[in-house]
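What follows is a set of notes on a single structure, which appears directly below.
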Amino acid sequence: MSDAEATDSAEPVPLALPEGRLVGRVAFTDAVRQAIGAAASQGWPMLWLVDDDFADWPLGERSVIAGLNAWARRGRQMRLLARDFTALRALHPRFAAWRTTWAHIVEAHGVSHASPHELPSVIWTSSWTLERLDPVRSSLVASHAAERRVALHERLDEWWMKGRPAFAPTTLGL
């Protein structure tokens with residue numbers, strides 16, 4: 001078998017996700033892009049995206065939307081949690097349109113009574129997490145550690161219960 005045949009028949013290599021402490025806006029946006037790509041390639045069934053307003057996330061990029069389209073299929077679920085979804089709608093219209101298309105797998109809650117930066121800025125999955133500890137300086141921690149995932153999921157569940165349905169997939173008008 002030639003090298004080309006061996007490469008063609010090999011299973012796709014999972015995307016390497018960052019691990020440990022990272023700093024900077026570029027590191028954050030790159031980690032978000034990598035996570036969305038990994039969600040599709042690794043078939044994560046549940047994906048949480050949590051932030052104050054998602055204003056500085058790369059959610060409107062074509063590559064991110066392509067990754068979300070590849071991820072979205074039967075049995076998948078996404079939870080969006082934010083203090084305010086206004087910036088997300090205004091700054092990321094591609095994502096807002098994606099949310100409309102995939103409304104049946106996306107739940108969104110708003111926690112309008114939270115103070116700015118009180119909500120964690122997080123991507124949570126059953127196998128990996130990314131938490132931005134300081135949104136202003138973009139210091140973050142990426143981890144595969146089970147203890148971190150469990151503790152973070154408990155915090156997210158508490159915030160979810162404090163929130164109310166928000167970011168409707170369509171807006172009704174008269």
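Lettering and numbering for the structure tokens are positional, with chains as A, B, ... in the shown order, residues counted from 1 in each chain, and ligands counted from 1 in the shown order.
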Considering only C-alpha atoms, give me a table of residues in segment 40-120 of chain A that are at most 12 Å from segment 130-143 of chain A, with the closest atom pair and distance in Å for each, as JSON lines.
{"residue": "A:Leu47", "atom": "CA", "partner": "A:Leu130", "partner_atom": "CA", "distance": 11.5}
{"residue": "A:Trp48", "atom": "CA", "partner": "A:Leu130", "partner_atom": "CA", "distance": 10.3}
{"residue": "A:Leu49", "atom": "CA", "partner": "A:Leu130", "partner_atom": "CA", "distance": 9.8}
{"residue": "A:Val50", "atom": "CA", "partner": "A:Glu131", "partner_atom": "CA", "distance": 9.3}
{"residue": "A:Asp51", "atom": "CA", "partner": "A:Arg132", "partner_atom": "CA", "distance": 9.2}
{"residue": "A:Asp52", "atom": "CA", "partner": "A:Pro135", "partner_atom": "CA", "distance": 9.5}
{"residue": "A:Asp53", "atom": "CA", "partner": "A:Pro135", "partner_atom": "CA", "distance": 11.3}
{"residue": "A:Phe54", "atom": "CA", "partner": "A:Pro135", "partner_atom": "CA", "distance": 10.7}
{"residue": "A:Ala55", "atom": "CA", "partner": "A:Pro135", "partner_atom": "CA", "distance": 11.0}
{"residue": "A:Asp56", "atom": "CA", "partner": "A:Pro135", "partner_atom": "CA", "distance": 9.3}
{"residue": "A:Trp57", "atom": "CA", "partner": "A:Pro135", "partner_atom": "CA", "distance": 10.9}
{"residue": "A:Pro116", "atom": "CA", "partner": "A:Pro135", "partner_atom": "CA", "distance": 10.5}
{"residue": "A:His117", "atom": "CA", "partner": "A:Pro135", "partner_atom": "CA", "distance": 7.5}
{"residue": "A:Glu118", "atom": "CA", "partner": "A:Pro135", "partner_atom": "CA", "distance": 10.6}
{"residue": "A:Leu119", "atom": "CA", "partner": "A:Leu133", "partner_atom": "CA", "distance": 10.5}
{"residue": "A:Pro120", "atom": "CA", "partner": "A:Glu131", "partner_atom": "CA", "distance": 7.2}
Q) Where does DSSP see helix (DSSP H, G or I) in segment 76-133 of chain A, if you list the residues as JSON, numbers by chain? A) {"A": [86, 87, 88, 89, 90, 91, 93, 94, 95, 96, 97, 98, 99, 100, 101, 103, 104, 105]}
Q: Within 9 Å of Ser127 of chain A, counting only C-alpha atoms, which residues show up once you throw out same-chain ones fewer than 5 positions away? Write them as number ranges by chain, please.
A: A: 44, 143-146, 149
Please produce a file of the residues just selected, as a PDB file, in the first residue's frame, where the atoms kept are C-alpha atoms.
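File part-v4.pdb, as written:
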ATOM      1  CA  TRP A  44     -19.846  16.438  20.999  1.00  0.00           C
ATOM      2  CA  SER A 143      -8.807  21.849  30.321  1.00  0.00           C
ATOM      3  CA  HIS A 144      -9.767  18.233  29.779  1.00  0.00           C
ATOM      4  CA  ALA A 145      -9.785  17.654  33.580  1.00  0.00           C
ATOM      5  CA  ALA A 146     -12.939  15.956  34.823  1.00  0.00           C
ATOM      6  CA  ARG A 149     -15.705  20.095  33.932  1.00  0.00           C
TER       7      ARG A 149
END
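Atom to atom, atom CA of Met161 of chain A and atom CA of Ile65 of chain A stand 27.8 Å apart.
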Q | Residue with smallest distance to Gly60 of chain A - pool A:Gly75, A:Gly37, A:Pro45, A:Pro93, counting only C-alpha atoms | A |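 Looking only at the distances to Gly60 of chain A, the closest residue turns out to be A:Pro93.
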Q: Grab the atom CA of Glu154 of chain A to atom CA of Phe85 of chain A distance for me, in Å with one decimal place.
A: 22.5 Å
Q: Pick out each residue of chain A that DSSP on the backbone tags as strand (DSSP E or B); I need them as number ranges by chain.
A: A: 20-23, 46-51, 77-82, 106-110, 121-124, 129-134, 139-143, 164-165
Write a file of the just-selected residues containing C-alpha atoms, as a compact mmCIF listing (two decimals), in the first residue's frame.
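What ended up in result-v7.txt:
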# COMPACT_ATOMS: atom_id res chain seq x y z
CA GLY A 20 -3.63 25.03 30.26
CA ARG A 21 -3.40 28.78 30.75
CA LEU A 22 -3.62 31.06 27.73
CA VAL A 23 -3.48 34.84 27.48
CA MET A 46 -23.78 18.96 24.17
CA LEU A 47 -22.22 22.37 23.75
CA TRP A 48 -22.61 25.28 26.16
CA LEU A 49 -21.62 28.80 25.08
CA VAL A 50 -21.77 31.31 27.92
CA ASP A 51 -20.78 34.98 28.05
CA GLN A 77 -27.96 20.19 21.87
CA MET A 78 -26.61 23.68 22.48
CA ARG A 79 -27.26 25.94 25.42
CA LEU A 80 -26.58 29.65 25.08
CA LEU A 81 -26.46 31.71 28.25
CA ALA A 82 -25.87 35.46 28.34
CA VAL A 106 -30.60 25.48 20.62
CA GLU A 107 -31.92 26.71 23.96
CA ALA A 108 -31.07 30.22 25.10
CA HIS A 109 -31.48 31.82 28.50
CA GLY A 110 -30.80 35.40 29.53
CA SER A 121 -17.28 33.31 29.86
CA VAL A 122 -17.19 29.63 28.93
CA ILE A 123 -17.32 26.88 26.37
CA TRP A 124 -18.35 23.67 28.11
CA THR A 129 -13.77 23.26 28.83
CA LEU A 130 -12.57 26.76 28.10
CA GLU A 131 -13.09 29.44 30.72
CA ARG A 132 -12.06 33.04 30.27
CA LEU A 133 -11.10 34.13 33.77
CA ASP A 134 -10.57 37.79 32.89
CA SER A 139 -6.71 35.27 30.39
CA LEU A 140 -8.22 31.82 30.09
CA VAL A 141 -7.89 28.21 31.11
CA ALA A 142 -8.54 25.29 28.78
CA SER A 143 -8.81 21.85 30.32
CA ARG A 164 -35.25 33.03 31.57
CA PRO A 165 -35.77 32.02 27.94
Q: Counting only C-alpha atoms, figure out which residue out of A:Trp160, A:Ala87, A:Val32, A:Thr101 gets nearest to Gly67 of chain A.
A: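 Checking each candidate against Gly67 of chain A, we get A:Val32 as the closest.
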Q | Selection: 9 Å around His153 of chain A, only C-alpha atoms, excl. self and same-chain fewer than 5 positions, as a PyMOL selection string | A | chain A and resi 124-125+148+158
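Note that the spacing between atom CA of Ala31 of chain A and atom CA of Ser63 of chain A amounts to 13.2 Å.
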Q: Tell me which of A:Ala151, A:Trp128, A:Ile36, A:Arg94 sits closest to Glu19 of chain A, counting only C-alpha atoms.
A: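 Distance minimum relative to Glu19 of chain A lands on A:Trp128.
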(Q) When you count only C-alpha atoms, which of these residues is closest to His113 of chain A: A:Thr86, A:Lys162, A:Ala40, A:Leu91? (A)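 Among the listed residues, the smallest separation from His113 of chain A belongs to A:Lys162.
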Q: Please identify all polymer residues within 9 Å of Thr100 of chain A, counting only C-alpha atoms, omitting same-chain residues fewer than 6 positions from it, and present them as a list in words.
A: Val106, Ala168, Pro169 and Thr170 of chain A
Requested write-out: C-alpha atoms of the selected residues, as a PDB file, in the first residue's frame:
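out.pdb, written as the output of this step:
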ATOM      1  CA  VAL A 106     -30.604  25.483  20.618  1.00  0.00           C
ATOM      2  CA  ALA A 168     -35.870  33.833  20.399  1.00  0.00           C
ATOM      3  CA  PRO A 169     -35.136  32.286  17.018  1.00  0.00           C
ATOM      4  CA  THR A 170     -37.652  34.571  15.341  1.00  0.00           C
TER       5      THR A 170
END
